[in-house]
file model34.pdb (PDB, C-alpha atoms and all ligand atoms)
MODEL        1
ATOM      1  CA  MET A 256       0.000   0.000   0.000  1.00  0.00           C
ATOM      2  CA  LEU A 257       1.192   3.507  -0.821  1.00  0.00           C
ATOM      3  CA  ARG A 258      -0.106   6.870   0.350  1.00  0.00           C
ATOM      4  CA  VAL A 259      -0.493   8.883  -2.842  1.00  0.00           C
ATOM      5  CA  THR A 260      -1.286  12.570  -3.401  1.00  0.00           C
ATOM      6  CA  GLU A 261      -1.597  12.408  -7.189  1.00  0.00           C
ATOM      7  CA  ILE A 262      -0.627  10.452 -10.308  1.00  0.00           C
ATOM      8  CA  PHE A 263      -0.613  12.395 -13.547  1.00  0.00           C
ATOM      9  CA  ARG A 264       1.168  12.801 -16.871  1.00  0.00           C
ATOM     10  CA  SER A 265       2.828  16.063 -17.788  1.00  0.00           C
ATOM     11  CA  ILE A 266       6.066  17.536 -19.045  1.00  0.00           C
ATOM     12  CA  GLN A 267       9.138  17.019 -16.918  1.00  0.00           C
ATOM     13  CA  GLY A 268       9.953  20.502 -15.631  1.00  0.00           C
ATOM     14  CA  GLU A 269      13.411  20.001 -14.143  1.00  0.00           C
ATOM     15  CA  SER A 270      16.755  18.250 -14.477  1.00  0.00           C
ATOM     16  CA  THR A 271      18.458  17.204 -17.717  1.00  0.00           C
ATOM     17  CA  HIS A 272      15.159  15.453 -18.558  1.00  0.00           C
ATOM     18  CA  ALA A 273      13.233  18.772 -18.687  1.00  0.00           C
ATOM     19  CA  GLY A 274      10.798  18.982 -21.574  1.00  0.00           C
ATOM     20  CA  ARG A 275      10.192  15.230 -21.838  1.00  0.00           C
ATOM     21  CA  PRO A 276       6.727  13.708 -21.384  1.00  0.00           C
ATOM     22  CA  CYS A 277       6.660  12.108 -17.962  1.00  0.00           C
ATOM     23  CA  THR A 278       4.258  10.333 -15.609  1.00  0.00           C
ATOM     24  CA  PHE A 279       4.519  11.580 -12.036  1.00  0.00           C
ATOM     25  CA  VAL A 280       3.718   9.494  -8.970  1.00  0.00           C
ATOM     26  CA  ARG A 281       3.570  12.000  -6.133  1.00  0.00           C
ATOM     27  CA  LEU A 282       3.611  10.311  -2.739  1.00  0.00           C
ATOM     28  CA  THR A 283       2.193  11.916   0.385  1.00  0.00           C
ATOM     29  CA  GLY A 284       4.210  13.085   3.371  1.00  0.00           C
ATOM     30  CA  CYS A 285       7.609  14.638   4.079  1.00  0.00           C
ATOM     31  CA  PRO A 286       9.673  14.742   7.277  1.00  0.00           C
ATOM     32  CA  MET A 287      11.253  18.068   6.220  1.00  0.00           C
ATOM     33  CA  ARG A 288       9.816  21.593   6.282  1.00  0.00           C
ATOM     34  CA  CYS A 289      11.804  23.707   3.816  1.00  0.00           C
ATOM     35  CA  VAL A 290      10.664  27.309   4.232  1.00  0.00           C
ATOM     36  CA  TRP A 291      10.142  27.805   0.477  1.00  0.00           C
ATOM     37  CA  CYS A 292       8.509  24.380  -0.123  1.00  0.00           C
ATOM     38  CA  ASP A 293       6.215  24.454  -3.156  1.00  0.00           C
ATOM     39  CA  SER A 294       4.483  21.151  -2.391  1.00  0.00           C
ATOM     40  CA  GLU A 295       3.095  21.645   1.094  1.00  0.00           C
ATOM     41  CA  TYR A 296      -0.173  20.137  -0.158  1.00  0.00           C
ATOM     42  CA  THR A 297       1.579  16.749   0.007  1.00  0.00           C
ATOM     43  CA  PHE A 298       2.211  16.967   3.756  1.00  0.00           C
ATOM     44  CA  THR A 299      -1.225  15.654   4.704  1.00  0.00           C
ATOM     45  CA  GLY A 300      -4.130  13.762   3.171  1.00  0.00           C
ATOM     46  CA  GLY A 301      -3.472  11.498   0.234  1.00  0.00           C
ATOM     47  CA  GLU A 302      -5.146   8.234  -0.622  1.00  0.00           C
ATOM     48  CA  HIS A 303      -4.012   4.756   0.395  1.00  0.00           C
ATOM     49  CA  ILE A 304      -3.670   2.852  -2.881  1.00  0.00           C
ATOM     50  CA  PRO A 305      -2.478  -0.750  -3.374  1.00  0.00           C
ATOM     51  CA  LEU A 306       0.823  -0.945  -5.215  1.00  0.00           C
ATOM     52  CA  GLU A 307      -0.679  -2.879  -8.118  1.00  0.00           C
ATOM     53  CA  ASP A 308      -3.303  -0.132  -8.618  1.00  0.00           C
ATOM     54  CA  VAL A 309      -0.539   2.472  -8.735  1.00  0.00           C
ATOM     55  CA  MET A 310       1.216   0.348 -11.371  1.00  0.00           C
ATOM     56  CA  ASN A 311      -1.995   0.114 -13.379  1.00  0.00           C
ATOM     57  CA  GLN A 312      -2.494   3.880 -13.363  1.00  0.00           C
ATOM     58  CA  VAL A 313       1.097   4.407 -14.487  1.00  0.00           C
ATOM     59  CA  ARG A 314       0.724   1.850 -17.296  1.00  0.00           C
ATOM     60  CA  GLN A 315      -2.427   3.591 -18.552  1.00  0.00           C
ATOM     61  CA  PHE A 316      -0.498   6.798 -19.239  1.00  0.00           C
ATOM     62  CA  ARG A 317       1.725   4.923 -21.710  1.00  0.00           C
ATOM     63  CA  CYS A 318       4.772   7.031 -20.996  1.00  0.00           C
ATOM     64  CA  ASN A 319       8.215   5.488 -20.669  1.00  0.00           C
ATOM     65  CA  LEU A 320       9.577   8.127 -18.285  1.00  0.00           C
ATOM     66  CA  VAL A 321       8.203   7.934 -14.724  1.00  0.00           C
ATOM     67  CA  GLU A 322       9.175  10.137 -11.803  1.00  0.00           C
ATOM     68  CA  VAL A 323       8.526   9.077  -8.214  1.00  0.00           C
ATOM     69  CA  THR A 324       8.367  12.257  -6.166  1.00  0.00           C
ATOM     70  CA  GLY A 325       6.649  13.837  -3.170  1.00  0.00           C
ATOM     71  CA  GLY A 326       6.796  15.140  -0.520  1.00  0.00           C
ATOM     72  CA  GLU A 327       9.652  12.807   0.265  1.00  0.00           C
ATOM     73  CA  PRO A 328       8.971   9.616  -1.692  1.00  0.00           C
ATOM     74  CA  LEU A 329      11.605   7.547   0.117  1.00  0.00           C
ATOM     75  CA  ALA A 330       9.937   8.185   3.474  1.00  0.00           C
ATOM     76  CA  GLN A 331       7.472   5.394   2.598  1.00  0.00           C
ATOM     77  CA  LYS A 332       8.970   1.916   2.773  1.00  0.00           C
ATOM     78  CA  SER A 333       6.709   0.648  -0.033  1.00  0.00           C
ATOM     79  CA  ALA A 334       8.195   3.253  -2.386  1.00  0.00           C
ATOM     80  CA  PHE A 335      11.296   1.062  -2.746  1.00  0.00           C
ATOM     81  CA  GLU A 336       9.122  -1.824  -3.980  1.00  0.00           C
ATOM     82  CA  LEU A 337       7.277   0.512  -6.378  1.00  0.00           C
ATOM     83  CA  ILE A 338      10.597   1.661  -7.833  1.00  0.00           C
ATOM     84  CA  ARG A 339      11.784  -1.931  -8.257  1.00  0.00           C
ATOM     85  CA  ARG A 340       8.600  -2.939 -10.040  1.00  0.00           C
ATOM     86  CA  LEU A 341       8.702   0.074 -12.364  1.00  0.00           C
ATOM     87  CA  CYS A 342      12.283  -0.816 -13.277  1.00  0.00           C
ATOM     88  CA  ASP A 343      11.272  -4.470 -13.834  1.00  0.00           C
ATOM     89  CA  GLU A 344       8.769  -3.240 -16.437  1.00  0.00           C
ATOM     90  CA  ASP A 345      11.498  -1.238 -18.175  1.00  0.00           C
ATOM     91  CA  PHE A 346      10.222   2.198 -17.304  1.00  0.00           C
ATOM     92  CA  GLU A 347      12.933   4.845 -17.116  1.00  0.00           C
ATOM     93  CA  VAL A 348      12.561   5.824 -13.460  1.00  0.00           C
ATOM     94  CA  LEU A 349      13.572   9.111 -11.859  1.00  0.00           C
ATOM     95  CA  ILE A 350      13.542   9.589  -8.081  1.00  0.00           C
ATOM     96  CA  GLU A 351      13.283  13.162  -6.842  1.00  0.00           C
ATOM     97  CA  THR A 352      14.402  13.053  -3.225  1.00  0.00           C
ATOM     98  CA  GLY A 353      14.939  15.799  -0.667  1.00  0.00           C
ATOM     99  CA  GLY A 354      18.163  14.227   0.564  1.00  0.00           C
ATOM    100  CA  TYR A 355      17.089  13.384   4.119  1.00  0.00           C
ATOM    101  CA  VAL A 356      16.474   9.649   3.610  1.00  0.00           C
ATOM    102  CA  SER A 357      19.310   7.307   2.599  1.00  0.00           C
ATOM    103  CA  THR A 358      19.274   6.273  -1.067  1.00  0.00           C
ATOM    104  CA  ALA A 359      21.228   3.070  -0.302  1.00  0.00           C
ATOM    105  CA  GLU A 360      18.257   0.735  -0.821  1.00  0.00           C
ATOM    106  CA  VAL A 361      16.953   2.360  -4.041  1.00  0.00           C
ATOM    107  CA  ASP A 362      16.978  -0.009  -7.027  1.00  0.00           C
ATOM    108  CA  PRO A 363      20.229   0.773  -8.878  1.00  0.00           C
ATOM    109  CA  ARG A 364      18.400   0.941 -12.219  1.00  0.00           C
ATOM    110  CA  ALA A 365      16.566   4.108 -11.108  1.00  0.00           C
ATOM    111  CA  LYS A 366      18.104   7.549 -11.603  1.00  0.00           C
ATOM    112  CA  ILE A 367      18.430   9.727  -8.519  1.00  0.00           C
ATOM    113  CA  ILE A 368      17.863  13.477  -8.511  1.00  0.00           C
ATOM    114  CA  LEU A 369      19.161  14.419  -5.086  1.00  0.00           C
ATOM    115  CA  ASP A 370      18.503  17.716  -3.328  1.00  0.00           C
ATOM    116  CA  VAL A 371      21.161  19.235  -1.132  1.00  0.00           C
ATOM    117  CA  LYS A 372      19.365  21.555   1.261  1.00  0.00           C
ATOM    118  CA  CYS A 373      21.012  24.974   1.450  1.00  0.00           C
ATOM    119  CA  PRO A 374      20.960  27.222   4.570  1.00  0.00           C
ATOM    120  CA  ALA A 375      17.969  29.387   3.561  1.00  0.00           C
ATOM    121  CA  SER A 376      15.784  26.265   3.400  1.00  0.00           C
ATOM    122  CA  GLY A 377      16.092  25.914   7.177  1.00  0.00           C
ATOM    123  CA  GLU A 378      16.797  22.180   6.706  1.00  0.00           C
ATOM    124  CA  GLU A 379      20.528  22.189   5.907  1.00  0.00           C
ATOM    125  CA  PRO A 380      21.474  20.312   9.124  1.00  0.00           C
ATOM    126  CA  ARG A 381      19.335  17.338   8.014  1.00  0.00           C
ATOM    127  CA  ASN A 382      21.199  16.554   4.785  1.00  0.00           C
ATOM    128  CA  GLU A 383      22.204  12.860   4.662  1.00  0.00           C
ATOM    129  CA  TRP A 384      25.732  13.357   3.390  1.00  0.00           C
ATOM    130  CA  SER A 385      26.333   9.681   2.576  1.00  0.00           C
ATOM    131  CA  ASN A 386      23.891  10.134  -0.344  1.00  0.00           C
ATOM    132  CA  LEU A 387      26.439  12.349  -2.105  1.00  0.00           C
ATOM    133  CA  ARG A 388      29.040   9.577  -2.009  1.00  0.00           C
ATOM    134  CA  ARG A 389      26.595   7.199  -3.729  1.00  0.00           C
ATOM    135  CA  LEU A 390      25.980   9.462  -6.757  1.00  0.00           C
ATOM    136  CA  ARG A 391      26.810   7.816 -10.103  1.00  0.00           C
ATOM    137  CA  SER A 392      28.278  10.048 -12.768  1.00  0.00           C
ATOM    138  CA  ASP A 393      26.438   8.313 -15.634  1.00  0.00           C
ATOM    139  CA  LYS A 394      22.904   8.768 -14.290  1.00  0.00           C
ATOM    140  CA  ASP A 395      22.430  10.713 -11.041  1.00  0.00           C
ATOM    141  CA  GLU A 396      21.932  14.458 -10.684  1.00  0.00           C
ATOM    142  CA  VAL A 397      22.277  16.749  -7.694  1.00  0.00           C
ATOM    143  CA  LYS A 398      20.172  19.865  -7.149  1.00  0.00           C
ATOM    144  CA  PHE A 399      20.704  23.000  -5.066  1.00  0.00           C
ATOM    145  CA  VAL A 400      17.652  25.238  -4.614  1.00  0.00           C
ATOM    146  CA  ILE A 401      18.977  28.778  -4.248  1.00  0.00           C
ATOM    147  CA  ALA A 402      16.898  31.325  -2.329  1.00  0.00           C
ATOM    148  CA  GLU A 403      19.664  33.838  -1.634  1.00  0.00           C
ATOM    149  CA  LEU A 404      23.306  34.430  -2.497  1.00  0.00           C
ATOM    150  CA  GLU A 405      24.450  32.712   0.681  1.00  0.00           C
ATOM    151  CA  ASP A 406      22.933  29.515  -0.753  1.00  0.00           C
ATOM    152  CA  TRP A 407      24.961  29.880  -3.947  1.00  0.00           C
ATOM    153  CA  ASN A 408      28.166  30.293  -1.945  1.00  0.00           C
ATOM    154  CA  TYR A 409      27.204  27.239   0.107  1.00  0.00           C
ATOM    155  CA  ALA A 410      26.563  25.236  -3.081  1.00  0.00           C
ATOM    156  CA  LYS A 411      30.027  26.114  -4.397  1.00  0.00           C
ATOM    157  CA  THR A 412      31.593  24.886  -1.137  1.00  0.00           C
ATOM    158  CA  ILE A 413      29.729  21.558  -1.251  1.00  0.00           C
ATOM    159  CA  ILE A 414      30.469  21.077  -4.969  1.00  0.00           C
ATOM    160  CA  SER A 415      34.156  21.444  -4.226  1.00  0.00           C
ATOM    161  CA  GLU A 416      34.202  19.460  -0.971  1.00  0.00           C
ATOM    162  CA  TYR A 417      32.399  16.446  -2.474  1.00  0.00           C
ATOM    163  CA  GLN A 418      33.917  16.770  -5.964  1.00  0.00           C
ATOM    164  CA  LEU A 419      30.437  16.818  -7.428  1.00  0.00           C
ATOM    165  CA  GLU A 420      31.581  17.834 -10.912  1.00  0.00           C
ATOM    166  CA  GLN A 421      33.192  14.389 -11.167  1.00  0.00           C
ATOM    167  CA  ARG A 422      30.621  12.500  -9.118  1.00  0.00           C
ATOM    168  CA  ALA A 423      27.297  13.602 -10.673  1.00  0.00           C
ATOM    169  CA  LYS A 424      25.939  13.520 -14.197  1.00  0.00           C
ATOM    170  CA  ALA A 425      24.679  17.096 -13.687  1.00  0.00           C
ATOM    171  CA  ILE A 426      24.678  19.761 -10.984  1.00  0.00           C
ATOM    172  CA  LEU A 427      21.412  21.693 -11.089  1.00  0.00           C
ATOM    173  CA  ILE A 428      21.265  25.245  -9.761  1.00  0.00           C
ATOM    174  CA  SER A 429      17.582  25.933  -9.255  1.00  0.00           C
ATOM    175  CA  PRO A 430      16.390  29.376  -8.105  1.00  0.00           C
ATOM    176  CA  ALA A 431      13.568  29.234  -5.542  1.00  0.00           C
ATOM    177  CA  TRP A 432      10.511  30.691  -7.255  1.00  0.00           C
ATOM    178  CA  GLY A 433      10.244  34.460  -6.623  1.00  0.00           C
ATOM    179  CA  GLN A 434      13.038  34.495  -4.032  1.00  0.00           C
ATOM    180  CA  ILE A 435      16.140  35.603  -5.897  1.00  0.00           C
ATOM    181  CA  ASP A 436      16.919  37.880  -8.849  1.00  0.00           C
ATOM    182  CA  LEU A 437      17.432  35.542 -11.825  1.00  0.00           C
ATOM    183  CA  LYS A 438      19.845  37.802 -13.715  1.00  0.00           C
ATOM    184  CA  ASP A 439      21.942  38.220 -10.606  1.00  0.00           C
ATOM    185  CA  LEU A 440      22.138  34.453 -10.062  1.00  0.00           C
ATOM    186  CA  ALA A 441      22.807  33.846 -13.780  1.00  0.00           C
ATOM    187  CA  GLU A 442      25.768  36.211 -13.637  1.00  0.00           C
ATOM    188  CA  HIS A 443      27.208  34.448 -10.610  1.00  0.00           C
ATOM    189  CA  VAL A 444      26.760  31.055 -12.260  1.00  0.00           C
ATOM    190  CA  SER A 445      28.355  32.128 -15.543  1.00  0.00           C
ATOM    191  CA  ALA A 446      31.266  33.824 -13.766  1.00  0.00           C
ATOM    192  CA  SER A 447      31.952  30.703 -11.686  1.00  0.00           C
ATOM    193  CA  GLY A 448      33.178  28.639 -14.618  1.00  0.00           C
ATOM    194  CA  LEU A 449      31.809  25.583 -12.833  1.00  0.00           C
ATOM    195  CA  ASN A 450      30.313  22.678 -14.728  1.00  0.00           C
ATOM    196  CA  VAL A 451      26.809  23.402 -13.410  1.00  0.00           C
ATOM    197  CA  ARG A 452      23.457  23.997 -15.057  1.00  0.00           C
ATOM    198  CA  LEU A 453      21.120  26.874 -14.145  1.00  0.00           C
ATOM    199  CA  GLN A 454      17.646  25.396 -14.379  1.00  0.00           C
ATOM    200  CA  LEU A 455      14.269  27.115 -14.292  1.00  0.00           C
ATOM    201  CA  GLN A 456      11.173  25.120 -13.397  1.00  0.00           C
ATOM    202  CA  LEU A 457       9.599  24.722 -16.824  1.00  0.00           C
ATOM    203  CA  HIS A 458       6.161  23.617 -15.554  1.00  0.00           C
ATOM    204  CA  LYS A 459       5.756  26.828 -13.533  1.00  0.00           C
ATOM    205  CA  TYR A 460       6.327  28.955 -16.625  1.00  0.00           C
ATOM    206  CA  ILE A 461       3.773  26.918 -18.572  1.00  0.00           C
ATOM    207  CA  TRP A 462       0.992  26.455 -15.992  1.00  0.00           C
ATOM    208  CA  GLY A 463       1.873  28.976 -13.273  1.00  0.00           C
ATOM    209  CA  PRO A 464       3.542  28.448  -9.897  1.00  0.00           C
ATOM    210  CA  ASP A 465       0.494  27.347  -7.911  1.00  0.00           C
ATOM    211  CA  VAL A 466      -1.057  24.766 -10.249  1.00  0.00           C
ATOM    212  CA  HIS A 467      -0.322  21.095  -9.650  1.00  0.00           C
ATOM    213  CA  GLY A 468      -1.391  17.796 -11.148  1.00  0.00           C
ATOM    214  CA  VAL A 469      -0.922  18.974 -14.743  1.00  0.00           C
TER     215      VAL A 469
HETATM  216  S1  LIG B   1      11.994  18.130   1.110  1.00  0.00           S
HETATM  217 FE1  LIG B   1      10.756  18.770  -0.658  1.00  0.00          FE
HETATM  218  S2  LIG B   1       8.638  18.292  -0.105  1.00  0.00           S
HETATM  219 FE2  LIG B   1       9.837  18.207   1.777  1.00  0.00          FE
HETATM  220  S3  LIG B   1       9.619  20.245   2.686  1.00  0.00           S
HETATM  221 FE3  LIG B   1      11.495  20.281   1.449  1.00  0.00          FE
HETATM  222  S4  LIG B   1      10.857  21.003  -0.589  1.00  0.00           S
HETATM  223 FE4  LIG B   1       8.984  20.389   0.535  1.00  0.00          FE
ENDMDL
END
call {"tool": "encode", "arguments": {"input": "model34.pdb", "output": "structure tokens"}}
result
Amino acid sequence: MLRVTEIFRSIQGESTHAGRPCTFVRLTGCPMRCVWCDSEYTFTGGEHIPLEDVMNQVRQFRCNLVEVTGGEPLAQKSAFELIRRLCDEDFEVLIETGGYVSTAEVDPRAKIILDVKCPASGEEPRNEWSNLRRLRSDKDEVKFVIAELEDWNYAKTIISEYQLEQRAKAILISPAWGQIDLKDLAEHVSASGLNVRLQLQLHKYIWGPDVHGV
């Protein structure tokens, strides 16, 4: 059984997969409380759905790319079984995780998109640092949500300390919606010379920042 907020098909809005058709399985609940969280509606409610019914809904969308997200998807033990079964059926599986729960038990066929929580999120002390050492350079991506310049400076420190340019397939620099001047951040990113990618959340430009399930 899984506690599910929504299952829908849309366009992938983030990561190197941005722009691709994608089915999203958004699980309910998160142990974190990032101050700029844009998915607080996942904290409560949700529907308890048997795993096989979740699989059936995903199959009906007929989309090869599937993202398991939340909330914090890995906070539910059954999520690991869902991921395994999606991989068994040859879906290309992305896991968007907030970085608090260990990724050690995630099926190795899935691709991890791992958040590192920066200071302005209020959740930086809860990063599970061992997750960074498990990143695989051929498939996993790491994301820093930047709400202020202090976050960008923090990201640069972590990138260097954990050698993320070598360790990750991509380093995503993602401005928190409405929190930081985009041109300012773009200038800092371009001047850094780092092998990082400034990413905007495509779905919010298409449907608006407050719409979900599309
Ligand atoms: S980890 Fe994600 S879902 Fe949880 S509070 Fe932070 S941004 Fe929101």
call {"tool": "closest_residue", "arguments": {"input": "model34.pdb", "among": "A:Cys277, A:Val397, A:Ala431, A:Val309", "to": "ligand LIG 1 (chain B)", "atoms": "all atoms listed in the file"}}
result
A:Ala431
call {"tool": "residues_near_ligand", "arguments": {"input": "model34.pdb", "ligand": "ligand LIG 1 (chain B)", "cutoff": "8 Å", "atoms": "only C-alpha atoms and all ligand atoms", "output": "PyMOL selection string"}}
result
chain A and resi 284-295+297-298+325-327+352-355+370+372+376+378
call {"tool": "residues_around", "arguments": {"input": "model34.pdb", "residues": "region 457-467 of chain A", "least_positions_apart": "2", "cutoff": "10 Å", "atoms": "all atoms listed in the file", "output": "number ranges by chain"}}
result
A: 261, 263, 265-270, 273-274, 293-294, 296, 432-433, 454-455, 469
call {"tool": "closest_residue", "arguments": {"input": "model34.pdb", "among": "A:Arg281, A:Arg275, A:Lys332, A:Arg364", "to": "Leu320 (chain A)", "atoms": "all atoms listed in the file"}}
result
A:Arg275
call {"tool": "closest_atom_pairs", "arguments": {"input": "model34.pdb", "of": "region 298-391 of chain A", "to": "region 409-424 of chain A", "cutoff": "9 Å", "atoms": "all atoms listed in the file", "output": "tab-separated table"}}
result
residue	atom	partner	partner_atom	distance
A:Val371	CA	A:Ala410	CA	8.3
A:Cys373	CA	A:Tyr409	CA	6.7
A:Pro374	CA	A:Tyr409	CA	7.7
A:Leu387	CA	A:Tyr417	CA	7.2
A:Arg388	CA	A:Tyr417	CA	7.7
A:Arg389	CA	A:Arg422	CA	8.6
A:Leu390	CA	A:Ala423	CA	5.8
A:Arg391	CA	A:Ala423	CA	5.8
call {"tool": "atom_distance", "arguments": {"input": "model34.pdb", "atom1": "CA of Lys398 (chain A)", "atom2": "CA of Ile367 (chain A)"}}
result
10.4 Å
call {"tool": "atom_distance", "arguments": {"input": "model34.pdb", "atom1": "CA of Glu351 (chain A)", "atom2": "CA of Ile262 (chain A)"}}
result
14.6 Å
call {"tool": "closest_residue", "arguments": {"input": "model34.pdb", "among": "A:Leu453, A:Val280, A:Ser392, A:Val444", "to": "Leu341 (chain A)", "atoms": "only C-alpha atoms"}}
result
A:Val280
call {"tool": "closest_residue", "arguments": {"input": "model34.pdb", "among": "A:Pro276, A:Pro430, A:Pro380, A:Pro305", "to": "Asp406 (chain A)", "atoms": "all atoms listed in the file"}}
result
A:Pro430
call {"tool": "closest_residue", "arguments": {"input": "model34.pdb", "among": "A:Asn450, A:Asn386, A:Thr278, A:Gln456", "to": "Asn319 (chain A)", "atoms": "only C-alpha atoms"}}
result
A:Thr278
call {"tool": "axis_aligned_box", "arguments": {"input": "model34.pdb", "around": "region 416-425 of chain A", "padding_each_side": "6 Å", "output": "JSON"}}
result
{"center_x": 29.4, "center_y": 16.0, "center_z": -7.6, "size_x": 21.5, "size_y": 19.0, "size_z": 25.2}
